[in-house]
Structures are given as C-alpha cells and as structure tokens.
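Enquirer: This is query_3.cif (mmCIF, C-alpha atoms).
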```cif
data_input
#
loop_
_atom_site.group_PDB
_atom_site.id
_atom_site.type_symbol
_atom_site.label_atom_id
_atom_site.label_comp_id
_atom_site.auth_asym_id
_atom_site.auth_seq_id
_atom_site.Cartn_x
_atom_site.Cartn_y
_atom_site.Cartn_z
ATOM 1 C CA MET E 236 90.219 121.442 137.601
ATOM 2 C CA HIS E 237 93.389 120.304 135.848
ATOM 3 C CA VAL E 238 94.281 121.241 132.274
ATOM 4 C CA VAL E 239 96.386 118.956 130.058
ATOM 5 C CA ALA E 240 97.415 119.591 126.448
ATOM 6 C CA THR E 241 98.126 116.903 123.884
ATOM 7 C CA ALA E 242 101.313 116.804 121.804
ATOM 8 C CA GLY E 243 102.804 114.525 119.168
ATOM 9 C CA HIS E 244 103.109 113.772 115.463
ATOM 10 C CA VAL E 245 100.149 114.043 113.109
ATOM 11 C CA ASP E 246 98.002 110.882 112.950
ATOM 12 C CA HIS E 247 99.447 109.397 116.134
ATOM 13 C CA GLY E 248 96.035 109.202 117.755
ATOM 14 C CA LYS E 249 95.852 112.296 119.985
ATOM 15 C CA SER E 250 92.239 113.138 119.141
ATOM 16 C CA THR E 251 91.198 109.474 119.184
ATOM 17 C CA LEU E 252 92.697 109.160 122.653
ATOM 18 C CA VAL E 253 90.958 112.168 124.236
ATOM 19 C CA ARG E 254 87.724 111.191 122.478
ATOM 20 C CA ALA E 255 87.949 107.756 124.110
ATOM 21 C CA LEU E 256 88.821 109.259 127.512
ATOM 22 C CA THR E 257 86.044 111.855 127.554
ATOM 23 C CA GLY E 258 83.290 110.613 125.239
ATOM 24 C CA MET E 259 83.374 114.077 123.639
ATOM 25 C CA GLU E 260 84.369 115.153 120.125
ATOM 26 C CA PRO E 261 87.467 117.419 120.097
ATOM 27 C CA ASP E 262 87.270 118.161 116.356
ATOM 28 C CA ARG E 263 84.725 120.973 115.988
ATOM 29 C CA LEU E 264 85.074 121.669 112.245
ATOM 30 C CA ASP E 265 83.351 119.671 109.501
ATOM 31 C CA GLU E 266 86.619 119.692 107.558
ATOM 32 C CA GLU E 267 88.455 118.109 110.504
ATOM 33 C CA ARG E 268 85.955 115.271 110.714
ATOM 34 C CA ARG E 269 85.918 114.755 106.960
ATOM 35 C CA ARG E 270 89.708 114.618 106.672
ATOM 36 C CA GLY E 271 90.405 112.961 110.022
ATOM 37 C CA LEU E 272 92.904 115.761 110.695
ATOM 38 C CA THR E 273 92.914 118.214 113.595
ATOM 39 C CA ILE E 274 93.215 121.769 112.286
ATOM 40 C CA GLU E 275 92.026 123.929 115.183
ATOM 41 C CA LEU E 276 92.361 123.587 118.938
ATOM 42 C CA GLY E 277 89.840 121.209 120.488
ATOM 43 C CA PHE E 278 88.512 121.379 124.061
ATOM 44 C CA VAL E 279 87.029 118.380 125.897
ATOM 45 C CA TRP E 280 86.944 117.192 129.483
ATOM 46 C CA THR E 281 86.213 114.318 131.830
ATOM 47 C CA LYS E 282 85.812 113.659 135.551
ATOM 48 C CA ALA E 283 89.014 113.194 137.498
ATOM 49 C CA ALA E 284 89.674 110.557 140.143
ATOM 50 C CA ASP E 285 89.782 113.266 142.851
ATOM 51 C CA GLY E 286 86.233 114.365 142.040
ATOM 52 C CA GLY E 287 87.307 117.351 139.976
ATOM 53 C CA ALA E 288 87.812 117.455 136.221
ATOM 54 C CA ILE E 289 90.579 117.105 133.660
ATOM 55 C CA ALA E 290 90.197 119.404 130.662
ATOM 56 C CA PHE E 291 92.154 118.557 127.512
ATOM 57 C CA VAL E 292 93.424 121.033 124.938
ATOM 58 C CA ASP E 293 93.789 118.895 121.824
ATOM 59 C CA VAL E 294 96.355 120.373 119.428
ATOM 60 C CA PRO E 295 97.071 119.689 115.744
ATOM 61 C CA GLY E 296 100.125 117.609 114.895
ATOM 62 C CA HIS E 297 100.681 118.697 111.280
ATOM 63 C CA GLU E 298 103.919 120.583 110.563
ATOM 64 C CA ARG E 299 102.024 123.522 109.010
ATOM 65 C CA LEU E 300 99.979 124.028 112.173
ATOM 66 C CA VAL E 301 102.747 124.443 114.761
ATOM 67 C CA THR E 302 101.610 128.019 115.493
ATOM 68 C CA THR E 303 98.167 126.678 116.449
ATOM 69 C CA MET E 304 99.799 123.954 118.541
ATOM 70 C CA LEU E 305 101.804 126.614 120.401
ATOM 71 C CA ALA E 306 98.668 128.653 121.081
ATOM 72 C CA GLY E 307 97.167 125.650 122.871
ATOM 73 C CA VAL E 308 100.242 124.409 124.724
ATOM 74 C CA GLY E 309 101.713 127.771 125.767
ATOM 75 C CA PRO E 310 99.676 128.418 128.952
ATOM 76 C CA VAL E 311 99.073 124.756 129.930
ATOM 77 C CA PRO E 312 101.000 123.157 132.855
ATOM 78 C CA ALA E 313 101.033 119.492 131.738
ATOM 79 C CA VAL E 314 101.134 117.469 128.522
ATOM 80 C CA LEU E 315 99.912 114.084 127.270
ATOM 81 C CA PHE E 316 102.528 113.175 124.646
ATOM 82 C CA ALA E 317 101.413 110.597 122.068
ATOM 83 C CA VAL E 318 103.735 108.376 120.007
ATOM 84 C CA ALA E 319 102.205 105.678 117.777
ATOM 85 C CA ALA E 320 103.570 102.189 118.437
ATOM 86 C CA ASP E 321 103.400 101.198 114.765
ATOM 87 C CA GLN E 322 105.198 104.325 113.454
ATOM 88 C CA GLY E 323 107.580 105.243 116.254
ATOM 89 C CA TRP E 324 109.303 108.586 116.655
ATOM 90 C CA GLN E 325 108.586 110.987 113.772
ATOM 91 C CA ARG E 326 109.479 114.479 112.632
ATOM 92 C CA GLN E 327 106.699 116.290 114.471
ATOM 93 C CA SER E 328 107.337 114.173 117.561
ATOM 94 C CA ALA E 329 110.762 115.823 117.678
ATOM 95 C CA GLU E 330 109.364 119.253 116.811
ATOM 96 C CA HIS E 331 106.679 119.151 119.483
ATOM 97 C CA LEU E 332 109.191 117.920 122.063
ATOM 98 C CA ALA E 333 111.525 120.802 121.164
ATOM 99 C CA VAL E 334 108.614 123.226 121.677
ATOM 100 C CA LEU E 335 107.859 121.777 125.121
ATOM 101 C CA ASP E 336 111.534 121.919 126.064
ATOM 102 C CA ALA E 337 111.781 125.554 124.954
ATOM 103 C CA LEU E 338 108.708 126.392 127.031
ATOM 104 C CA GLY E 339 110.247 124.649 130.042
ATOM 105 C CA VAL E 340 107.309 122.267 130.537
ATOM 106 C CA ARG E 341 108.092 119.891 133.415
ATOM 107 C CA HIS E 342 105.043 117.664 133.746
ATOM 108 C CA ALA E 343 104.083 115.072 131.142
ATOM 109 C CA LEU E 344 102.848 111.561 130.482
ATOM 110 C CA LEU E 345 103.797 109.420 127.486
ATOM 111 C CA ALA E 346 101.014 107.513 125.745
ATOM 112 C CA VAL E 347 102.273 104.825 123.358
ATOM 113 C CA THR E 348 99.203 104.748 121.120
ATOM 114 C CA ARG E 349 97.837 102.383 118.452
ATOM 115 C CA CYS E 350 99.268 99.392 120.282
ATOM 116 C CA ASP E 351 96.694 97.224 118.523
ATOM 117 C CA LEU E 352 98.657 97.802 115.288
ATOM 118 C CA ALA E 353 102.072 96.603 116.505
ATOM 119 C CA ASP E 354 103.570 93.500 118.110
ATOM 120 C CA ALA E 355 104.889 93.518 121.659
ATOM 121 C CA ALA E 356 108.542 93.918 120.658
ATOM 122 C CA THR E 357 107.759 96.937 118.484
ATOM 123 C CA VAL E 358 105.663 98.519 121.228
ATOM 124 C CA ARG E 359 108.547 98.076 123.683
ATOM 125 C CA ARG E 360 111.114 99.614 121.297
ATOM 126 C CA THR E 361 108.879 102.610 120.606
ATOM 127 C CA ARG E 362 108.297 103.142 124.302
ATOM 128 C CA GLU E 363 111.980 102.942 125.267
ATOM 129 C CA ASP E 364 113.073 105.210 122.406
ATOM 130 C CA ALA E 365 110.465 107.868 123.242
ATOM 131 C CA LEU E 366 111.236 107.773 126.962
ATOM 132 C CA ALA E 367 114.961 108.286 126.293
ATOM 133 C CA ARG E 368 114.299 111.270 124.005
ATOM 134 C CA ILE E 369 111.882 112.875 126.466
ATOM 135 C CA ALA E 370 114.244 112.339 129.417
ATOM 136 C CA ALA E 371 116.874 114.551 127.730
ATOM 137 C CA THR E 372 114.550 117.601 127.896
ATOM 138 C CA SER E 373 112.886 119.739 130.562
ATOM 139 C CA LEU E 374 110.240 117.009 130.947
ATOM 140 C CA GLY E 375 112.757 114.564 132.412
ATOM 141 C CA ASP E 376 111.707 111.046 133.339
ATOM 142 C CA VAL E 377 108.005 110.491 132.680
ATOM 143 C CA GLU E 378 105.571 107.647 133.148
ATOM 144 C CA ALA E 379 104.514 105.723 130.026
ATOM 145 C CA VAL E 380 101.275 103.892 129.270
ATOM 146 C CA GLU E 381 100.582 101.541 126.354
ATOM 147 C CA VAL E 382 97.117 102.132 124.963
ATOM 148 C CA SER E 383 94.766 101.849 122.011
ATOM 149 C CA GLY E 384 92.134 104.520 121.575
ATOM 150 C CA ALA E 385 90.438 102.364 118.932
ATOM 151 C CA THR E 386 89.972 99.212 121.049
ATOM 152 C CA GLY E 387 90.013 100.768 124.523
ATOM 153 C CA ALA E 388 92.905 98.602 125.709
ATOM 154 C CA GLY E 389 94.958 100.400 128.364
ATOM 155 C CA LEU E 390 92.476 103.261 128.895
ATOM 156 C CA ASP E 391 91.994 102.440 132.589
ATOM 157 C CA ASP E 392 95.782 102.452 133.045
ATOM 158 C CA LEU E 393 95.928 105.799 131.251
ATOM 159 C CA ARG E 394 93.241 107.298 133.505
ATOM 160 C CA ALA E 395 95.167 106.146 136.578
ATOM 161 C CA ALA E 396 98.406 107.604 135.197
ATOM 162 C CA LEU E 397 96.667 110.926 134.448
ATOM 163 C CA ALA E 398 95.457 111.010 138.053
ATOM 164 C CA ARG E 399 99.033 110.543 139.255
ATOM 165 C CA LEU E 400 100.285 113.226 136.852
ATOM 166 C CA THR E 401 97.752 115.845 137.915
ATOM 167 C CA ALA E 402 98.266 115.032 141.611
ATOM 168 C CA ARG E 403 101.928 116.032 141.205
ATOM 169 C CA LEU E 404 101.200 119.427 139.665
ATOM 170 C CA PRO E 405 102.153 122.407 141.848
ATOM 171 C CA PRO E 406 99.164 124.272 143.311
ATOM 172 C CA PRO E 407 98.264 127.407 141.340
ATOM 173 C CA ASP E 408 98.451 130.901 142.822
ATOM 174 C CA ARG E 409 94.819 132.022 142.785
ATOM 175 C CA ASP E 410 95.743 135.403 144.291
ATOM 176 C CA ALA E 411 98.113 136.250 141.430
ATOM 177 C CA ASP E 412 97.482 139.084 138.979
ATOM 178 C CA VAL E 413 95.351 137.812 136.108
ATOM 179 C CA ARG E 414 96.867 137.299 132.664
ATOM 180 C CA LEU E 415 94.556 135.305 130.429
ATOM 181 C CA TRP E 416 95.910 134.442 126.974
ATOM 182 C CA THR E 417 93.036 134.078 124.524
ATOM 183 C CA ASP E 418 92.937 131.057 122.221
ATOM 184 C CA ARG E 419 89.447 131.509 120.797
ATOM 185 C CA VAL E 420 87.256 134.579 120.200
ATOM 186 C CA PHE E 421 83.662 134.507 118.954
ATOM 187 C CA THR E 422 80.347 136.360 119.183
ATOM 188 C CA VAL E 423 77.188 135.038 120.829
ATOM 189 C CA ARG E 424 73.919 136.666 119.752
ATOM 190 C CA GLY E 425 72.491 138.710 122.577
ATOM 191 C CA ARG E 426 75.679 138.461 124.640
ATOM 192 C CA GLY E 427 78.443 139.882 122.508
ATOM 193 C CA THR E 428 82.110 138.929 122.577
ATOM 194 C CA VAL E 429 83.265 135.731 124.263
ATOM 195 C CA VAL E 430 86.909 134.713 124.652
ATOM 196 C CA THR E 431 88.291 131.423 125.905
ATOM 197 C CA GLY E 432 91.657 130.514 127.347
ATOM 198 C CA THR E 433 93.555 128.597 129.996
ATOM 199 C CA LEU E 434 93.722 130.565 133.238
ATOM 200 C CA GLY E 435 97.104 129.614 134.675
ATOM 201 C CA ALA E 436 97.070 131.875 137.743
ATOM 202 C CA GLY E 437 94.761 134.284 139.522
ATOM 203 C CA THR E 438 90.974 134.457 139.794
ATOM 204 C CA VAL E 439 88.443 136.063 137.453
ATOM 205 C CA ARG E 440 85.083 137.271 138.785
ATOM 206 C CA VAL E 441 81.920 138.561 137.157
ATOM 207 C CA GLY E 442 82.092 142.356 137.286
ATOM 208 C CA ASP E 443 85.900 142.510 137.114
ATOM 209 C CA ARG E 444 87.540 145.109 134.899
ATOM 210 C CA LEU E 445 90.314 143.761 132.676
ATOM 211 C CA ALA E 446 92.770 145.555 130.411
ATOM 212 C CA GLY E 447 92.994 144.496 126.771
ATOM 213 C CA PRO E 448 95.271 145.284 123.827
ATOM 214 C CA GLY E 449 95.745 148.849 122.643
ATOM 215 C CA GLY E 450 94.525 150.390 125.869
ATOM 216 C CA GLY E 451 91.076 148.785 125.652
ATOM 217 C CA THR E 452 89.170 147.996 128.826
ATOM 218 C CA PHE E 453 86.564 145.307 129.371
ATOM 219 C CA ARG E 454 84.050 144.329 132.026
ATOM 220 C CA VAL E 455 83.427 140.649 132.707
ATOM 221 C CA ARG E 456 79.699 140.153 132.026
ATOM 222 C CA GLY E 457 79.678 136.401 132.507
ATOM 223 C CA LEU E 458 81.885 133.363 133.108
ATOM 224 C CA GLN E 459 81.713 129.706 132.192
ATOM 225 C CA THR E 460 83.995 126.788 132.847
ATOM 226 C CA LEU E 461 83.258 123.456 131.170
ATOM 227 C CA LYS E 462 79.864 124.839 130.036
ATOM 228 C CA GLU E 463 78.826 125.732 133.601
ATOM 229 C CA GLU E 464 77.965 129.313 134.596
ATOM 230 C CA ARG E 465 80.137 130.647 137.419
ATOM 231 C CA SER E 466 80.387 133.887 139.369
ATOM 232 C CA GLU E 467 84.151 133.385 139.684
ATOM 233 C CA VAL E 468 86.788 131.007 138.342
ATOM 234 C CA GLY E 469 90.193 130.377 139.905
ATOM 235 C CA ALA E 470 93.270 128.864 138.292
ATOM 236 C CA VAL E 471 94.028 126.434 136.806
ATOM 237 C CA ALA E 472 90.968 126.291 134.569
ATOM 238 C CA ARG E 473 89.564 126.442 131.081
ATOM 239 C CA VAL E 474 87.425 129.557 131.102
ATOM 240 C CA ALA E 475 85.034 131.335 128.740
ATOM 241 C CA VAL E 476 84.654 135.055 129.458
ATOM 242 C CA ASN E 477 81.773 137.169 128.147
ATOM 243 C CA LEU E 478 83.125 140.684 127.696
ATOM 244 C CA HIS E 479 81.667 144.153 127.383
ATOM 245 C CA GLY E 480 84.018 147.002 126.590
ATOM 246 C CA THR E 481 85.491 149.626 124.337
ATOM 247 C CA GLY E 482 88.326 147.705 122.732
ATOM 248 C CA ARG E 483 88.883 144.837 120.334
ATOM 249 C CA ILE E 484 90.518 141.551 121.166
ATOM 250 C CA GLY E 485 91.595 138.559 119.084
ATOM 251 C CA ARG E 486 93.301 135.224 119.557
ATOM 252 C CA GLY E 487 96.829 135.519 120.821
ATOM 253 C CA GLU E 488 96.133 138.611 122.905
ATOM 254 C CA ALA E 489 95.886 138.856 126.683
ATOM 255 C CA LEU E 490 93.364 140.087 129.230
ATOM 256 C CA LEU E 491 95.222 141.604 132.173
ATOM 257 C CA ALA E 492 94.628 142.798 135.707
ATOM 258 C CA PRO E 493 94.596 146.603 135.214
ATOM 259 C CA GLY E 494 97.746 148.458 136.230
ATOM 260 C CA ARG E 495 99.624 145.280 137.190
ATOM 261 C CA TRP E 496 101.530 144.482 134.010
ATOM 262 C CA LEU E 497 104.053 146.395 131.915
ATOM 263 C CA ALA E 498 103.956 146.283 128.108
ATOM 264 C CA ALA E 499 107.090 146.327 125.949
ATOM 265 C CA ASP E 500 107.835 146.318 122.244
ATOM 266 C CA VAL E 501 111.590 145.716 122.690
ATOM 267 C CA VAL E 502 112.812 142.631 124.573
ATOM 268 C CA ASP E 503 116.335 141.378 125.291
ATOM 269 C CA VAL E 504 116.582 137.580 125.402
ATOM 270 C CA ARG E 505 119.138 134.901 126.225
ATOM 271 C CA LEU E 506 119.357 132.182 123.586
ATOM 272 C CA ARG E 507 119.834 128.435 123.560
ATOM 273 C CA GLY E 508 120.912 126.568 120.452
ATOM 274 C CA ASP E 509 121.952 128.595 117.415
ATOM 275 C CA PRO E 510 124.387 131.507 118.013
ATOM 276 C CA ALA E 511 122.738 134.917 117.798
ATOM 277 C CA ALA E 512 124.788 135.824 114.724
ATOM 278 C CA ASP E 513 123.303 132.863 112.808
ATOM 279 C CA LEU E 514 119.695 133.858 113.380
ATOM 280 C CA PRO E 515 117.678 135.394 110.527
ATOM 281 C CA ALA E 516 116.818 139.075 110.817
ATOM 282 C CA ARG E 517 113.106 138.292 111.188
ATOM 283 C CA LEU E 518 111.503 135.614 113.333
ATOM 284 C CA THR E 519 108.208 134.883 115.068
ATOM 285 C CA LEU E 520 108.085 135.201 118.844
ATOM 286 C CA HIS E 521 105.680 132.815 120.598
ATOM 287 C CA ALA E 522 104.448 133.741 124.078
ATOM 288 C CA GLY E 523 101.308 132.371 125.672
ATOM 289 C CA SER E 524 98.904 131.983 122.754
ATOM 290 C CA ALA E 525 100.509 134.864 120.822
ATOM 291 C CA ALA E 526 102.612 134.678 117.655
ATOM 292 C CA VAL E 527 104.300 138.039 117.015
ATOM 293 C CA PRO E 528 106.709 138.977 114.182
ATOM 294 C CA VAL E 529 109.976 140.361 115.543
ATOM 295 C CA HIS E 530 113.137 141.923 114.136
ATOM 296 C CA VAL E 531 116.274 140.287 115.572
ATOM 297 C CA ARG E 532 119.430 142.207 116.506
ATOM 298 C CA PRO E 533 122.319 140.137 117.938
ATOM 299 C CA LEU E 534 123.850 141.596 121.105
ATOM 300 C CA GLY E 535 126.357 138.852 121.898
ATOM 301 C CA ALA E 536 127.041 135.188 121.253
ATOM 302 C CA ASP E 537 123.968 134.063 123.198
ATOM 303 C CA THR E 538 121.883 137.245 123.525
ATOM 304 C CA ALA E 539 119.696 139.199 121.147
ATOM 305 C CA ARG E 540 117.297 142.134 121.081
ATOM 306 C CA LEU E 541 113.836 141.515 119.668
ATOM 307 C CA LYS E 542 111.807 144.420 118.353
ATOM 308 C CA LEU E 543 108.138 143.498 118.098
ATOM 309 C CA ARG E 544 106.401 144.684 114.936
#
```
Show me, as structure tokens, the structure contained in the file I just sent.

Expert:
Amino acid sequence: MHVVATAGHVDHGKSTLVRALTGMEPDRLDEERRRGLTIELGFVWTKAADGGAIAFVDVPGHERLVTTMLAGVGPVPAVLFAVAADQGWQRQSAEHLAVLDALGVRHALLAVTRCDLADAATVRRTREDALARIAATSLGDVEAVEVSGATGAGLDDLRAALARLTARLPPPDRDADVRLWTDRVFTVRGRGTVVTGTLGAGTVRVGDRLAGPGGGTFRVRGLQTLKEERSEVGAVARVAVNLHGTGRIGRGEALLAPGRWLAADVVDVRLRGDPAADLPARLTLHAGSAAVPVHVRPLGADTARLKLR
C-alpha cells in the first residue's frame, strides 16, 4: 500500500479530486456534506497500477483547521498538492506548502484542478507559478497534471502520475520499532477502543503489546487495513487497531514498541526563519498527529528550549 495526503487552499477541489479517483466519499460528517467544506480528516482508497492500493488522507484547507491538516499530513510520506486553475495561488496554498517544507516532505505531485473553469492561458500561468513556488521548498521539482474532478478530464493522466510518484517512494523499514500516531479514536460496540493512523515504519501484529501515553499498555486484539481484517500489517499503511488495555488514548498520541522509545518533556531545537528571541513565549509544537502546547526559552540566535506542558 501507498499513502498520500492532500494539501492546498480551501475550495480548490481536494475532496472532489479524491472522490473522483476512488469513487468513495471522503467527507464523513453531515455538516461537511451540507456545507461542502472538509472539517475532519477523510480516508479513501483506490487500486494502484502495481496491483496494490493508494490510500488518501484528505485534509481540510480552511485556515482555522491547520491543526487537523497537520494531524493528517504529519506521518504521510507523499502529498497530492491541489491548486485551482481559476483562482491560482492563495493564502492557504502558501501555508500548506510552508507546513510541508517544515516537515521536510520530499515527494509530491501538483494537481492543477478545476481546469474546466479557466482558459488555457490561465491554466498555464497557474501551473508555472505553483511549480516555481513548490520548487523552492523541500519538495523540489515535481510533476504537474491538469485535471477537473467535476468533468473527469485529466483523471487518467493523474492516475498515471500517481503511479510514478508512488514508485519513487523509498521502501519502508518494516523491521523498525513501531510508532503509530493516532489520528482517530472511537469505540465499537462489543469490541472496545479502535484507533486509526498511518503506519510509517515497522509491523503491527495481532497479539502485540504496545505502550501508550501515561504508562498505559495495550494488547492488539484486531487489525484492519482498508476495511480488511489482517493478522499483521507492515508499513506503509493505513491501519485500524482494536485495543484492549489499562490506559487511555486519544488523537495525537502514539502507540509505541515497548521499551524502545524515550519520552521527554523538554526538547532543544534548531530553528529556521524567525530568530529565537522574536518567538512568543508560548507556541504549539506539532509532531506526528500531536499538537502540544510548549513554553519557549531562547538559547541562542537559532536555538531554543521547548518545555512541553
């Protein structure tokens, strides 16, 4: 399996695009469908050209939902970046690109969407502008496809480009120590707690013991990937884990291979961008799917100490 997240400005057609690619509905909430606005993370998938599958994590594009966007993009190795031909580069286009650059994402594909709403010259200008902006970040030079999720024009080209993108992804380390960031937690009657996330490395098996937050421990009672029951799941994959244990777990927390990871509430970091002295005393640290309030203490011009609260 390959996992690809969406990114881009609100109303630039991300959900329409993955809906057209997969035939599945990424917007799970009634409010999302009523407003035509993605609020929560959506999860859909389709068959890949190599016989496997491509799972999409569809993220919201609204400026007030960047924390949710980060929870979806954080553990994912590749991104489908959407820019609408008729609107061009927008504020959240820049914000989402800055997020991807900060995360060091290196694999992406540009989809110039809503091409049915713009003339050829406008489509070309939007494409060239977006490619130049993306090239200046960790993503570097990326392939671009012109497409319309509404009419279906360009979808075959997009599928072919996605196949090329996923073929270039580095192979995951399935023997690595498990660290699964949770992006959804819910209860199933008769089964108990289920968490979902993107498994970026390692392998999870039914019967495994995993460490949770606050010293909690859990046993893996069951596993699913793309709605299919499995006895084990190796990276990279979207995975749902049915847990039994003594602790509590929520979104933005991690399930870990026991005894293989160290926890810290004080972290020293090297900064890019604003000097440490110009940072506010309190910020939010994003890691994986987590969003954690931190107190900031400058240590030097480009270093700071973060105390997690």

Enquirer: I need the output of the PyMOL selection byres ((chain E and resi 239) around 8) for this file as a PyMOL selection string; which residues are they?

Expert: chain E and resi 237-238+240-241+289-292+311-315

Enquirer: Show me as a list in words the residues that reach within 12 Å of (101.2, 111.7, 140.3), counting all atoms listed in the file and using the file's own coordinates.

Expert: Ala284, Asp285, Ala313, His342, Ala343, Leu344, Val377, Glu378, Arg394, Ala395, Ala396, Leu397, Ala398, Arg399, Leu400, Thr401, Ala402, Arg403, Leu404 and Pro405 of chain E

Enquirer: Taking the point (99.7, 103.8, 128.6) as given in the file, collect each protein or nucleic acid residue that comes within 6 Å of it, counting all atoms listed in the file, and present the set as a list in words.

Expert: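 Selection result: Ala346, Val347, Ala379, Val380, Glu381, Val382, Gly389 and Leu393 of chain E.
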
Enquirer: Which residues would end up in the selection if the PyMOL selection byres ((chain E and resi 447) around 8) were applied here, given that I need the answer as a list in words?

Expert: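 Expected selection for the PyMOL selection byres ((chain E and resi 447) around 8) here is Leu445, Ala446, Pro448, Gly449, Gly450, Gly451, Thr452, Phe453, Gly482, Arg483, Ile484, Glu488, Ala489, Leu490 and Leu491 of chain E.
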
Enquirer: Could you state which residues are captured by the PyMOL selection byres ((chain E and resi 477) around 6) in this file, as number ranges by chain?

Expert: E: 428-429, 455-457, 476, 478

Enquirer: Neighbouring residues of Thr251 in chain E were defined as those with any atom within 12 Å, considering all atoms listed in the file; residues of the same chain fewer than 4 positions away were excluded. Please report them as an mmCIF file with C-alpha atoms, keeping the file's coordinate frame.

Expert:
```cif
data_model
loop_
_atom_site.group_PDB
_atom_site.id
_atom_site.type_symbol
_atom_site.label_atom_id
_atom_site.label_comp_id
_atom_site.auth_asym_id
_atom_site.auth_seq_id
_atom_site.Cartn_x
_atom_site.Cartn_y
_atom_site.Cartn_z
ATOM 1 C CA THR E 241 98.126 116.903 123.884
ATOM 2 C CA VAL E 245 100.149 114.043 113.109
ATOM 3 C CA ASP E 246 98.002 110.882 112.950
ATOM 4 C CA HIS E 247 99.447 109.397 116.134
ATOM 5 C CA ALA E 255 87.949 107.756 124.110
ATOM 6 C CA LEU E 256 88.821 109.259 127.512
ATOM 7 C CA THR E 257 86.044 111.855 127.554
ATOM 8 C CA GLY E 258 83.290 110.613 125.239
ATOM 9 C CA MET E 259 83.374 114.077 123.639
ATOM 10 C CA GLU E 260 84.369 115.153 120.125
ATOM 11 C CA PRO E 261 87.467 117.419 120.097
ATOM 12 C CA ASP E 262 87.270 118.161 116.356
ATOM 13 C CA ARG E 268 85.955 115.271 110.714
ATOM 14 C CA GLY E 271 90.405 112.961 110.022
ATOM 15 C CA LEU E 272 92.904 115.761 110.695
ATOM 16 C CA THR E 273 92.914 118.214 113.595
ATOM 17 C CA GLY E 277 89.840 121.209 120.488
ATOM 18 C CA VAL E 279 87.029 118.380 125.897
ATOM 19 C CA ASP E 293 93.789 118.895 121.824
ATOM 20 C CA ALA E 317 101.413 110.597 122.068
ATOM 21 C CA ALA E 319 102.205 105.678 117.777
ATOM 22 C CA ALA E 346 101.014 107.513 125.745
ATOM 23 C CA THR E 348 99.203 104.748 121.120
ATOM 24 C CA ARG E 349 97.837 102.383 118.452
ATOM 25 C CA VAL E 382 97.117 102.132 124.963
ATOM 26 C CA SER E 383 94.766 101.849 122.011
ATOM 27 C CA GLY E 384 92.134 104.520 121.575
ATOM 28 C CA ALA E 385 90.438 102.364 118.932
ATOM 29 C CA THR E 386 89.972 99.212 121.049
ATOM 30 C CA GLY E 387 90.013 100.768 124.523
ATOM 31 C CA LEU E 390 92.476 103.261 128.895
#
```

Enquirer: Grab the CA of Arg419 in chain E to CA of His521 in chain E distance for me, in Å with one decimal place.

Expert: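 Going from CA of Arg419 in chain E over to CA of His521 in chain E, I get 16.3 Å.
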
Enquirer: Extract, using only C-alpha atoms, all DNA, RNA and protein residues at most 9 Å from range 406-409 of chain E, discarding same-chain residues fewer than 5 positions from it, and format them as a PyMOL selection string.

Expert: chain E and resi 435-438+469-471

Enquirer: Would you kindly return, as number ranges by chain, each protein, DNA or RNA residue with an atom no farther than 8 Å from any atom of Ala353 in chain E, considering only C-alpha atoms and excluding same-chain residues fewer than 4 positions away?

Expert: E: 320-321, 349, 357-358

Enquirer: Report the distance between CA of Ser466 in chain E and CA of Asp412 in chain E in Å, rounded to one decimal place.

Expert: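 Result for CA of Ser466 in chain E versus CA of Asp412 in chain E: 17.9 Å, one decimal.
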
Enquirer: So for range 427-430 of chain E, what box centre and size do we get, axis-aligned, 5 Å extra on each of the six sides, every listed atom, Å to one decimal, as AutoDock Vina command-line options?

Expert:
```
--center_x 82.7 --center_y 137.3 --center_z 123.6 --size_x 18.5 --size_y 15.2 --size_z 12.1
```

Enquirer: Provide the CA of Ala370 in chain E to CA of Lys249 in chain E distance in Å, to one decimal place.

Expert: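 These atoms are spaced 20.7 Å apart.
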
Enquirer: Which one of E:Arg486, E:Arg368, E:Lys462, E:Arg532 sits closest to Thr417 in chain E if you count all atoms listed in the file?

Expert: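 That would be E:Arg486, the residue with the smallest distance to Thr417 in chain E.
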
Enquirer: Closest to Ala539 in chain E among E:Leu518, E:Val502, E:Ala526, E:Leu305, using only C-alpha atoms?

Expert: E:Val502
